[in-house]
Amino acid sequence: MLRVLFFARVREQLGCDSLELPWSTGHATVEALLSSLQQRGPNWQAALGQPNLVVAVNQQIADSAARLQAGDEVAFFPPVTGG
Amino acid sequence: MLRVLFFARVREQLGCDSLELPWSTGHATVEALLSSLQQRGPNWQAALGQPNLVVAVNQQIADSAARLQAGDEVAFFPPVTGG
Amino acid sequence: MAAAILSAQVQEQTFDPGALQQVLVTADSGAVVTFTGHVRGGAGEAEVTCLELEYYPGMTERSLLEILEDAATRWPLLAAAVVHRVGRLAPGEPIVWVGVSAAHRGEAFAACDFIMDFLKTRAPFWKKEHGPAGASWVAARAGDDERAARWQSPADGAG
Amino acid sequence: MAAAILSAQVQEQTFDPGALQQVLVTADSGAVVTFTGHVRGGAGEAEVTCLELEYYPGMTERSLLEILEDAATRWPLLAAAVVHRVGRLAPGEPIVWVGVSAAHRGEAFAACDFIMDFLKTRAPFWKKEHGPAGASWVAARAGDDERAARWQSPADGAG
C-alpha cells in the first residue's frame, strides 16, 4: 500500500485529505503516482499539475524522480506559509 | 562654576568622584581643564593621561577641543562596558 | 561543549513567552534572544477576522526539530526551542515563539533569526485568512525565500 | 506611521522579561524580538562571584533613549524598550533587557541587534568583576566596536 496525503489548498481542491493505493509498478516513482492521480478528473489534473506543488516522501521533501516503495507515505501540498 | 565628574577606574585612581571648580579662562576648553587637573599630582596625571579616556560635556560625548562655559558639567571616564 | 537542549512543540492552545524563556536559561547562558509572532489583523478589504493554521502532524514537528538541529550545528547554542500554534486564531494572538540561549549575543541573534527564516520557508504550515470577503489561502512570499537564502554558509550567517 | 513608544529604565532591582514584553505589543505588532543578558559566572581563575555595575545618572538614561530614537529612525518600529540593571549582581542574574515590536520580523531583529550593539559601545555603564583573586574593571572589547561598526548606514543594517 501507499498512503497519500493532501494539505491546504490542494486538499480543498481535491475534496480529499488522504487515500490509500495499492503499490504497483505504475506507482514506482512520485512522477508516475502523480500521472496516475491526475487521471481521476479535471480537478485532480489542475491541483496536482500546479508548478509549485511540493511533495514529501516519508515526511521528507522529495522530487518527482523519487522512487516509491510499498508502505511509503507520500504527501502533496502548496508552498508553506507558517510563522 | 564647572562641575567635574569621574567614573569607574578613573574615579578609583583619583580617589574622587566629583569636584567643583570656578570657571576661568584657564578652563576654557576640555584640553585646558585636563592640563590643569593633571597638575594635581602623579595619579591625576596618570589617570587623566590615558589615551582611551572619554570625555562628556553636559552629558554628551565631546572631544578635547570642546569649549567650556560656566555651569557646564564635564565628565571623564574609561571606555564603557555595559550590556 | 555539551549538546544544545532542543524542543519543538505544535499546539492549539496559547503560550506564555515569559515562561518559555525561563526554560532556556542555563548556568552558562549569557544571552537569550526570543522572537514572538502575532496574528496581524489587516485593515479595510484585507481585514482578517480569523487566521486558520493547518499543519502536517509528524512531519511538522520533525521539520522544526531539524531546523533547530541545523542551527545548533552552525552556532554554539546552549538551548533552542520553538512553539507554533495551529487551529483558529484571532488577530493579536501569539502564533509562534522561538527562543535561543547561548554564551554570547552574536550567535543567539543569528540563530533565532535563522530559525525563523527556515521555519517560514521549510516547516509545513499553511495559513488561511478569514475576512469579510470570505476565506483565502495565504500565498508564499518571495521575500521569505530571499531571507532564507542569506544563510548559504555558516560563515555568512555568523557575520 | 505614529511615533514609536520608547522607554529606557536604569534600576537596581531585577525584572521580568515576560511582563516587559507584554507592554511592547500593540494592535499592529506582528513581530516582537527580545534580548536578555545574564551575568556570566566564568570559571577557574576567571570565576566571577559578583558583578558590580556603575553608571552615570542622567547621561546613561539619556544615552539609552537616544539609541532607541536612532533605531526608530532607521526602522519602522512600533515600540522599543530597554532595562539595564546597576549595583551588585550575582552570576546568572538578568542584567539587561531589550525588546522591540514592529509589523514584520526583519526590522524587529535588526533593531534589537542594533540597540544591543550601541548600548554596549555608547551607553555609560562600567562593569567590575569580583572574584577569588580580587576585583578588576572589565576592559572594553574590540569585538563590540566591530559589531557596532556594522551599522554604518540604515541600508546596511536592514539587509
# chains A, B, ... in the order shown; residues from 1 in each chain; ligands from 1
>>> residues_around(residues="Thr34 in chain C", least_positions_apart="4", cutoff="8 Å", atoms="only C-alpha atoms", output="JSON, numbers by chain")
{"C": [21, 97, 98, 99, 100, 112], "D": [32, 33, 34, 35]}
>>> closest_atom_pairs(of="chain C", to="chain A", cutoff="9 Å", atoms="only C-alpha atoms", output="CSV")
residue,atom,partner,partner_atom,distance
C:Gly37,CA,A:Gly83,CA,7.0
C:Leu53,CA,A:Gly82,CA,7.8
C:Glu54,CA,A:Ala8,CA,6.7
C:Tyr55,CA,A:Phe7,CA,7.7
C:Tyr56,CA,A:Phe7,CA,7.5
C:Gly58,CA,A:Gln59,CA,7.5
C:Met59,CA,A:Gln59,CA,5.0
C:Thr60,CA,A:Gln59,CA,8.4
C:Arg62,CA,A:Gln59,CA,8.1
C:Ser63,CA,A:Gln60,CA,8.3
C:His84,CA,A:Gly83,CA,7.4
C:Ile95,CA,A:Gly83,CA,7.2
C:Val96,CA,A:Gly83,CA,5.9
C:Trp97,CA,A:Gly83,CA,8.7
C:Met116,CA,A:Gly83,CA,7.1
C:Asp117,CA,A:Gly83,CA,8.7
C:Leu119,CA,A:Gly83,CA,6.4
C:Lys120,CA,A:Gly83,CA,5.2
C:Thr121,CA,A:Val80,CA,6.2
C:Arg122,CA,A:Val80,CA,6.7
C:Ala123,CA,A:Val80,CA,6.7
C:Pro124,CA,A:Val80,CA,5.4
C:Phe125,CA,A:Gly82,CA,4.6
C:Trp126,CA,A:Thr81,CA,4.8
C:Lys127,CA,A:Thr81,CA,5.9
C:Lys128,CA,A:Ala8,CA,8.4
C:Trp137,CA,A:Arg9,CA,6.8
C:Val138,CA,A:Thr81,CA,6.8
C:Ala139,CA,A:Thr81,CA,7.0
C:Ala140,CA,A:Thr81,CA,5.5
C:Arg141,CA,A:Thr81,CA,8.0
>>> write_last_selection(atoms="C-alpha atoms", output="PDB file, in the first residue's frame")
ATOM      1  CA  GLY C  37       4.950  36.385  16.148  1.00  0.00           C
ATOM      2  CA  LEU C  53      -3.457  27.249  10.609  1.00  0.00           C
ATOM      3  CA  GLU C  54      -3.127  23.792   9.066  1.00  0.00           C
ATOM      4  CA  TYR C  55      -0.092  21.511   9.521  1.00  0.00           C
ATOM      5  CA  TYR C  56       1.213  18.043   8.712  1.00  0.00           C
ATOM      6  CA  GLY C  58       4.518  14.265  12.334  1.00  0.00           C
ATOM      7  CA  MET C  59       6.375  15.979   9.520  1.00  0.00           C
ATOM      8  CA  THR C  60       5.902  19.443  11.004  1.00  0.00           C
ATOM      9  CA  ARG C  62      10.242  16.669  12.670  1.00  0.00           C
ATOM     10  CA  SER C  63      10.922  19.607  10.371  1.00  0.00           C
ATOM     11  CA  HIS C  84       3.936  27.034  16.868  1.00  0.00           C
ATOM     12  CA  ILE C  95       1.142  32.375  16.856  1.00  0.00           C
ATOM     13  CA  VAL C  96       4.814  31.407  17.027  1.00  0.00           C
ATOM     14  CA  TRP C  97       7.645  31.672  19.532  1.00  0.00           C
ATOM     15  CA  MET C 116      12.523  31.945  11.897  1.00  0.00           C
ATOM     16  CA  ASP C 117      13.674  32.190   8.273  1.00  0.00           C
ATOM     17  CA  LEU C 119      10.541  27.881   9.802  1.00  0.00           C
ATOM     18  CA  LYS C 120       8.830  30.260   7.357  1.00  0.00           C
ATOM     19  CA  THR C 121      10.174  28.520   4.261  1.00  0.00           C
ATOM     20  CA  ARG C 122      10.581  24.858   5.300  1.00  0.00           C
ATOM     21  CA  ALA C 123       8.153  23.836   8.026  1.00  0.00           C
ATOM     22  CA  PRO C 124       4.813  22.510   6.708  1.00  0.00           C
ATOM     23  CA  PHE C 125       2.272  25.022   7.982  1.00  0.00           C
ATOM     24  CA  TRP C 126      -0.374  26.728   5.843  1.00  0.00           C
ATOM     25  CA  LYS C 127      -2.322  29.853   6.717  1.00  0.00           C
ATOM     26  CA  LYS C 128      -5.870  30.628   5.633  1.00  0.00           C
ATOM     27  CA  TRP C 137      -5.072  30.755   1.485  1.00  0.00           C
ATOM     28  CA  VAL C 138      -2.054  32.959   2.136  1.00  0.00           C
ATOM     29  CA  ALA C 139       0.473  32.937  -0.714  1.00  0.00           C
ATOM     30  CA  ALA C 140       4.125  32.187  -0.017  1.00  0.00           C
ATOM     31  CA  ARG C 141       6.235  35.358  -0.056  1.00  0.00           C
TER      32      ARG C 141
END
>>> closest_atom_pairs(of="chain D", to="chain C", cutoff="9 Å", atoms="only C-alpha atoms", output="CSV")
residue,atom,partner,partner_atom,distance
D:Asp16,CA,C:Gly18,CA,7.6
D:Pro17,CA,C:Gly18,CA,6.0
D:Gly18,CA,C:Gly18,CA,3.7
D:Ala19,CA,C:Gly18,CA,7.2
D:Gln21,CA,C:Gly18,CA,8.1
D:Val25,CA,C:Gly92,CA,8.5
D:Thr26,CA,C:Gly92,CA,8.2
D:Ala27,CA,C:Gly92,CA,6.2
D:Asp28,CA,C:Arg40,CA,6.3
D:Ser29,CA,C:His38,CA,6.6
D:Gly30,CA,C:His38,CA,4.7
D:Ala31,CA,C:Gly37,CA,4.7
D:Val32,CA,C:Thr36,CA,5.1
D:Val33,CA,C:Phe35,CA,4.5
D:Thr34,CA,C:Thr34,CA,5.2
D:Phe35,CA,C:Val33,CA,4.6
D:Thr36,CA,C:Val32,CA,5.1
D:Gly37,CA,C:Ala31,CA,4.7
D:His38,CA,C:Gly30,CA,4.7
D:Val39,CA,C:Gly30,CA,6.2
D:Arg40,CA,C:Gly30,CA,5.6
D:Gly41,CA,C:Asp28,CA,7.3
D:Gly42,CA,C:Asp28,CA,8.3
D:Pro91,CA,C:Ala27,CA,8.2
D:Gly92,CA,C:Ala27,CA,6.2
D:Pro94,CA,C:Gly30,CA,8.8
D:Ala103,CA,C:Arg40,CA,8.1
D:His104,CA,C:Gly37,CA,8.7
D:Arg105,CA,C:Gly37,CA,8.0
D:Gly106,CA,C:Asp113,CA,8.5
D:Ala108,CA,C:Phe35,CA,8.8
D:Phe109,CA,C:Asp113,CA,7.0
D:Cys112,CA,C:Phe109,CA,8.9
D:Asp113,CA,C:Phe109,CA,7.0
D:Met116,CA,C:Arg105,CA,8.7
D:Arg147,CA,C:Gly106,CA,8.7
D:Gly159,CA,C:Arg147,CA,9.0
>>> write_last_selection(atoms="N, CA and C atoms", output="mmCIF file, in the first residue's frame")
data_model
loop_
_atom_site.group_PDB
_atom_site.id
_atom_site.type_symbol
_atom_site.label_atom_id
_atom_site.label_comp_id
_atom_site.auth_asym_id
_atom_site.auth_seq_id
_atom_site.Cartn_x
_atom_site.Cartn_y
_atom_site.Cartn_z
ATOM 1 N N ASP D 16 11.238 41.245 35.004
ATOM 2 C CA ASP D 16 10.537 40.063 34.497
ATOM 3 C C ASP D 16 10.381 40.203 32.979
ATOM 4 N N PRO D 17 11.188 39.455 32.201
ATOM 5 C CA PRO D 17 11.142 39.607 30.743
ATOM 6 C C PRO D 17 9.733 39.423 30.171
ATOM 7 N N GLY D 18 8.967 38.489 30.712
ATOM 8 C CA GLY D 18 7.619 38.250 30.193
ATOM 9 C C GLY D 18 6.725 39.467 30.361
ATOM 10 N N ALA D 19 6.798 40.102 31.531
ATOM 11 C CA ALA D 19 5.965 41.280 31.795
ATOM 12 C C ALA D 19 6.418 42.448 30.926
ATOM 13 N N GLN D 21 7.806 42.288 28.010
ATOM 14 C CA GLN D 21 7.429 42.022 26.618
ATOM 15 C C GLN D 21 5.971 42.391 26.351
ATOM 16 N N VAL D 25 3.545 45.037 23.032
ATOM 17 C CA VAL D 25 2.645 44.531 21.997
ATOM 18 C C VAL D 25 1.497 45.506 21.750
ATOM 19 N N THR D 26 1.422 46.040 20.539
ATOM 20 C CA THR D 26 0.321 46.912 20.140
ATOM 21 C C THR D 26 -0.564 46.147 19.162
ATOM 22 N N ALA D 27 -1.660 46.760 18.729
ATOM 23 C CA ALA D 27 -2.594 46.079 17.825
ATOM 24 C C ALA D 27 -1.921 45.687 16.504
ATOM 25 N N ASP D 28 -0.888 46.431 16.082
ATOM 26 C CA ASP D 28 -0.246 46.158 14.788
ATOM 27 C C ASP D 28 1.030 45.332 14.899
ATOM 28 N N SER D 29 1.400 44.934 16.127
ATOM 29 C CA SER D 29 2.656 44.198 16.316
ATOM 30 C C SER D 29 2.560 42.819 15.688
ATOM 31 N N GLY D 30 3.300 42.588 14.620
ATOM 32 C CA GLY D 30 3.372 41.249 14.056
ATOM 33 C C GLY D 30 4.573 40.495 14.597
ATOM 34 N N ALA D 31 5.590 41.243 15.043
ATOM 35 C CA ALA D 31 6.856 40.631 15.437
ATOM 36 C C ALA D 31 7.417 41.312 16.672
ATOM 37 N N VAL D 32 7.795 40.520 17.654
ATOM 38 C CA VAL D 32 8.428 41.045 18.857
ATOM 39 C C VAL D 32 9.735 40.281 19.060
ATOM 40 N N VAL D 33 10.850 41.009 19.119
ATOM 41 C CA VAL D 33 12.149 40.385 19.367
ATOM 42 C C VAL D 33 12.687 40.941 20.674
ATOM 43 N N THR D 34 13.171 40.038 21.535
ATOM 44 C CA THR D 34 13.741 40.485 22.809
ATOM 45 C C THR D 34 15.138 39.912 22.992
ATOM 46 N N PHE D 35 15.948 40.658 23.725
ATOM 47 C CA PHE D 35 17.260 40.182 24.149
ATOM 48 C C PHE D 35 17.328 40.289 25.659
ATOM 49 N N THR D 36 17.766 39.239 26.326
ATOM 50 C CA THR D 36 18.021 39.283 27.757
ATOM 51 C C THR D 36 19.462 38.863 27.992
ATOM 52 N N GLY D 37 20.229 39.723 28.659
ATOM 53 C CA GLY D 37 21.606 39.383 29.015
ATOM 54 C C GLY D 37 21.673 38.940 30.456
ATOM 55 N N HIS D 38 22.455 37.882 30.703
ATOM 56 C CA HIS D 38 22.629 37.382 32.066
ATOM 57 C C HIS D 38 24.097 37.506 32.463
ATOM 58 N N VAL D 39 24.338 37.678 33.761
ATOM 59 C CA VAL D 39 25.705 37.729 34.271
ATOM 60 C C VAL D 39 26.341 36.354 34.100
ATOM 61 N N ARG D 40 27.515 36.322 33.490
ATOM 62 C CA ARG D 40 28.206 35.042 33.309
ATOM 63 C C ARG D 40 29.156 34.809 34.473
ATOM 64 N N GLY D 41 29.218 33.567 34.919
ATOM 65 C CA GLY D 41 29.961 33.251 36.137
ATOM 66 C C GLY D 41 31.442 32.998 35.937
ATOM 67 N N GLY D 42 31.858 32.785 34.675
ATOM 68 C CA GLY D 42 33.255 32.449 34.434
ATOM 69 C C GLY D 42 33.596 31.117 35.068
ATOM 70 N N PRO D 91 26.158 35.908 39.516
ATOM 71 C CA PRO D 91 26.131 35.151 38.260
ATOM 72 C C PRO D 91 24.757 34.542 38.006
ATOM 73 N N GLY D 92 24.343 34.568 36.758
ATOM 74 C CA GLY D 92 23.044 34.020 36.381
ATOM 75 C C GLY D 92 21.938 35.062 36.395
ATOM 76 N N PRO D 94 19.674 38.269 35.537
ATOM 77 C CA PRO D 94 19.499 39.086 34.337
ATOM 78 C C PRO D 94 20.048 40.483 34.583
ATOM 79 N N ALA D 103 5.894 45.665 12.769
ATOM 80 C CA ALA D 103 4.936 44.910 11.959
ATOM 81 C C ALA D 103 5.568 43.607 11.470
ATOM 82 N N HIS D 104 6.844 43.659 11.074
ATOM 83 C CA HIS D 104 7.498 42.493 10.463
ATOM 84 C C HIS D 104 8.797 42.139 11.177
ATOM 85 N N ARG D 105 9.222 40.874 11.012
ATOM 86 C CA ARG D 105 10.340 40.400 11.808
ATOM 87 C C ARG D 105 11.683 40.976 11.404
ATOM 88 N N GLY D 106 11.868 41.306 10.121
ATOM 89 C CA GLY D 106 13.169 41.798 9.665
ATOM 90 C C GLY D 106 13.604 43.018 10.458
ATOM 91 N N ALA D 108 12.374 44.068 13.327
ATOM 92 C CA ALA D 108 12.437 43.814 14.771
ATOM 93 C C ALA D 108 13.774 43.179 15.144
ATOM 94 N N PHE D 109 14.224 42.189 14.352
ATOM 95 C CA PHE D 109 15.526 41.569 14.613
ATOM 96 C C PHE D 109 16.651 42.599 14.473
ATOM 97 N N CYS D 112 16.693 45.275 17.352
ATOM 98 C CA CYS D 112 17.095 44.748 18.659
ATOM 99 C C CYS D 112 18.610 44.521 18.698
ATOM 100 N N ASP D 113 19.129 43.951 17.629
ATOM 101 C CA ASP D 113 20.564 43.693 17.495
ATOM 102 C C ASP D 113 21.341 45.021 17.530
ATOM 103 N N MET D 116 21.418 46.636 21.059
ATOM 104 C CA MET D 116 22.411 46.000 21.930
ATOM 105 C C MET D 116 23.828 46.423 21.561
ATOM 106 N N ARG D 147 31.244 45.020 15.972
ATOM 107 C CA ARG D 147 29.817 44.749 15.746
ATOM 108 C C ARG D 147 29.059 46.058 15.541
ATOM 109 N N GLY D 159 19.672 44.898 5.937
ATOM 110 C CA GLY D 159 19.881 43.844 4.933
ATOM 111 C C GLY D 159 19.603 42.460 5.379
#
>>> select_by_dssp(residues="chain B", states="alpha helix (DSSP H)", output="ChimeraX atom specification")
/B:8-14,30-38,42-48
>>> write_last_selection(atoms="C-alpha atoms", output="tab-separated table (two decimals), in the first residue's frame")
chain	number	residue	atom	x	y	z
B	8	ALA	CA	34.77	53.78	37.24
B	9	ARG	CA	38.51	53.13	37.09
B	10	VAL	CA	39.26	56.86	36.68
B	11	ARG	CA	37.24	57.65	39.79
B	12	GLU	CA	39.11	54.97	41.74
B	13	GLN	CA	42.53	56.10	40.51
B	14	LEU	CA	41.79	59.67	41.59
B	30	VAL	CA	38.36	70.42	27.82
B	31	GLU	CA	42.05	70.27	26.97
B	32	ALA	CA	42.85	73.22	29.23
B	33	LEU	CA	40.80	71.75	32.06
B	34	LEU	CA	42.61	68.40	31.68
B	35	SER	CA	46.04	70.09	31.84
B	36	SER	CA	45.01	71.98	34.91
B	37	LEU	CA	43.70	68.85	36.65
B	38	GLN	CA	46.81	66.86	35.77
B	42	PRO	CA	51.03	61.89	39.66
B	43	ASN	CA	47.81	59.87	39.99
B	44	TRP	CA	45.87	62.71	38.30
B	45	GLN	CA	48.47	62.89	35.55
B	46	ALA	CA	48.29	59.13	35.01
B	47	ALA	CA	44.52	58.69	35.22
B	48	LEU	CA	43.69	61.68	33.02
>>> residues_around(residues="range 130-135 of chain D", least_positions_apart="6", cutoff="12 Å", atoms="only C-alpha atoms", output="PyMOL selection string")
(chain B and resi 9) or (chain D and resi 41-53+88-91)
>>> write_last_selection(atoms="all heavy atoms", output="compact mmCIF listing (two decimals), in the first residue's frame")
# COMPACT_ATOMS: atom_id res chain seq x y z
N ARG B 9 37.09 53.23 36.75
CA ARG B 9 38.51 53.13 37.09
C ARG B 9 39.14 54.53 37.31
O ARG B 9 40.00 54.70 38.18
CB ARG B 9 39.27 52.39 35.98
CG ARG B 9 40.70 52.05 36.36
CD ARG B 9 41.55 51.78 35.13
NE ARG B 9 41.09 50.65 34.36
CZ ARG B 9 41.52 49.41 34.57
NH1 ARG B 9 42.41 49.15 35.50
NH2 ARG B 9 41.06 48.43 33.81
N GLY D 41 29.22 33.57 34.92
CA GLY D 41 29.96 33.25 36.14
C GLY D 41 31.44 33.00 35.94
O GLY D 41 32.21 33.01 36.89
N GLY D 42 31.86 32.78 34.67
CA GLY D 42 33.25 32.45 34.43
C GLY D 42 33.60 31.12 35.07
O GLY D 42 32.72 30.39 35.54
N ALA D 43 34.89 30.78 35.08
CA ALA D 43 35.30 29.51 35.68
C ALA D 43 36.76 29.59 36.03
O ALA D 43 37.52 30.39 35.46
CB ALA D 43 35.06 28.36 34.70
N GLY D 44 37.19 28.78 37.00
CA GLY D 44 38.60 28.72 37.40
C GLY D 44 39.08 30.08 37.90
O GLY D 44 38.41 30.72 38.71
N GLU D 45 40.22 30.54 37.39
CA GLU D 45 40.79 31.81 37.84
C GLU D 45 39.91 32.99 37.43
O GLU D 45 39.99 34.07 38.02
CB GLU D 45 42.19 32.00 37.25
CG GLU D 45 43.23 31.10 37.90
CD GLU D 45 44.63 31.47 37.45
OE1 GLU D 45 44.79 32.55 36.85
OE2 GLU D 45 45.55 30.67 37.68
N ALA D 46 39.11 32.79 36.39
CA ALA D 46 38.25 33.87 35.91
C ALA D 46 36.87 33.84 36.57
O ALA D 46 35.97 34.54 36.14
CB ALA D 46 38.11 33.78 34.39
N GLU D 47 36.72 33.01 37.60
CA GLU D 47 35.41 32.90 38.25
C GLU D 47 34.95 34.27 38.75
O GLU D 47 35.73 35.04 39.32
CB GLU D 47 35.48 31.93 39.43
CG GLU D 47 34.09 31.69 40.04
CD GLU D 47 34.15 30.94 41.37
OE1 GLU D 47 35.21 30.37 41.69
OE2 GLU D 47 33.14 30.95 42.09
N VAL D 48 33.68 34.57 38.50
CA VAL D 48 33.10 35.84 38.96
C VAL D 48 32.08 35.52 40.04
O VAL D 48 31.13 34.78 39.82
CB VAL D 48 32.41 36.57 37.79
CG1 VAL D 48 31.71 37.83 38.28
CG2 VAL D 48 33.41 36.91 36.70
N THR D 49 32.32 36.05 41.22
CA THR D 49 31.37 35.80 42.31
C THR D 49 30.33 36.91 42.39
O THR D 49 29.24 36.71 42.91
CB THR D 49 32.10 35.69 43.66
OG1 THR D 49 32.91 36.85 43.82
CG2 THR D 49 33.00 34.45 43.67
N CYS D 50 30.69 38.08 41.84
CA CYS D 50 29.78 39.22 41.89
C CYS D 50 30.16 40.21 40.80
O CYS D 50 31.35 40.42 40.54
CB CYS D 50 29.89 39.89 43.27
SG CYS D 50 29.09 41.50 43.38
N LEU D 51 29.18 40.77 40.14
CA LEU D 51 29.44 41.79 39.12
C LEU D 51 28.86 43.11 39.62
O LEU D 51 27.72 43.17 40.07
CB LEU D 51 28.77 41.39 37.80
CG LEU D 51 29.09 42.27 36.60
CD1 LEU D 51 30.55 42.11 36.19
CD2 LEU D 51 28.18 41.92 35.42
N GLU D 52 29.71 44.15 39.57
CA GLU D 52 29.28 45.46 40.06
C GLU D 52 29.12 46.38 38.85
O GLU D 52 30.02 46.47 38.01
CB GLU D 52 30.38 45.98 40.99
CG GLU D 52 29.95 47.11 41.87
CD GLU D 52 31.12 47.57 42.76
OE1 GLU D 52 32.10 46.80 42.96
OE2 GLU D 52 31.06 48.72 43.21
N LEU D 53 27.99 47.05 38.78
CA LEU D 53 27.69 47.91 37.62
C LEU D 53 27.61 49.36 38.07
O LEU D 53 26.78 49.70 38.92
CB LEU D 53 26.33 47.53 37.03
CG LEU D 53 26.28 46.64 35.80
CD1 LEU D 53 26.75 47.37 34.58
CD2 LEU D 53 27.06 45.37 36.03
N ARG D 88 25.10 45.62 42.47
CA ARG D 88 25.80 44.34 42.58
C ARG D 88 24.90 43.20 42.12
O ARG D 88 23.78 43.05 42.62
CB ARG D 88 26.26 44.10 44.02
CG ARG D 88 27.29 45.15 44.48
CD ARG D 88 27.60 45.02 45.96
NE ARG D 88 28.57 43.95 46.22
CZ ARG D 88 29.89 44.12 46.20
NH1 ARG D 88 30.42 45.29 45.96
NH2 ARG D 88 30.69 43.10 46.44
N LEU D 89 25.40 42.38 41.20
CA LEU D 89 24.62 41.27 40.64
C LEU D 89 25.40 39.97 40.80
O LEU D 89 26.63 39.95 40.68
CB LEU D 89 24.33 41.50 39.16
CG LEU D 89 23.25 42.53 38.80
CD1 LEU D 89 23.77 43.94 38.98
CD2 LEU D 89 22.80 42.31 37.37
N ALA D 90 24.66 38.88 41.00
CA ALA D 90 25.27 37.56 41.11
C ALA D 90 25.25 36.86 39.75
O ALA D 90 24.41 37.19 38.90
CB ALA D 90 24.52 36.72 42.14
N PRO D 91 26.16 35.91 39.52
CA PRO D 91 26.13 35.15 38.26
C PRO D 91 24.76 34.54 38.01
O PRO D 91 24.11 34.08 38.95
CB PRO D 91 27.18 34.05 38.48
CG PRO D 91 28.13 34.65 39.46
CD PRO D 91 27.29 35.50 40.37
>>> select_by_dssp(residues="chain A", states="strand (DSSP E)", output="ChimeraX atom specification")
/A:2-6,18-21,54-57,60-62,73-77
>>> atom_distance(atom1="CA of Asp70 in chain D", atom2="CA of Ala142 in chain D")
22.4 Å
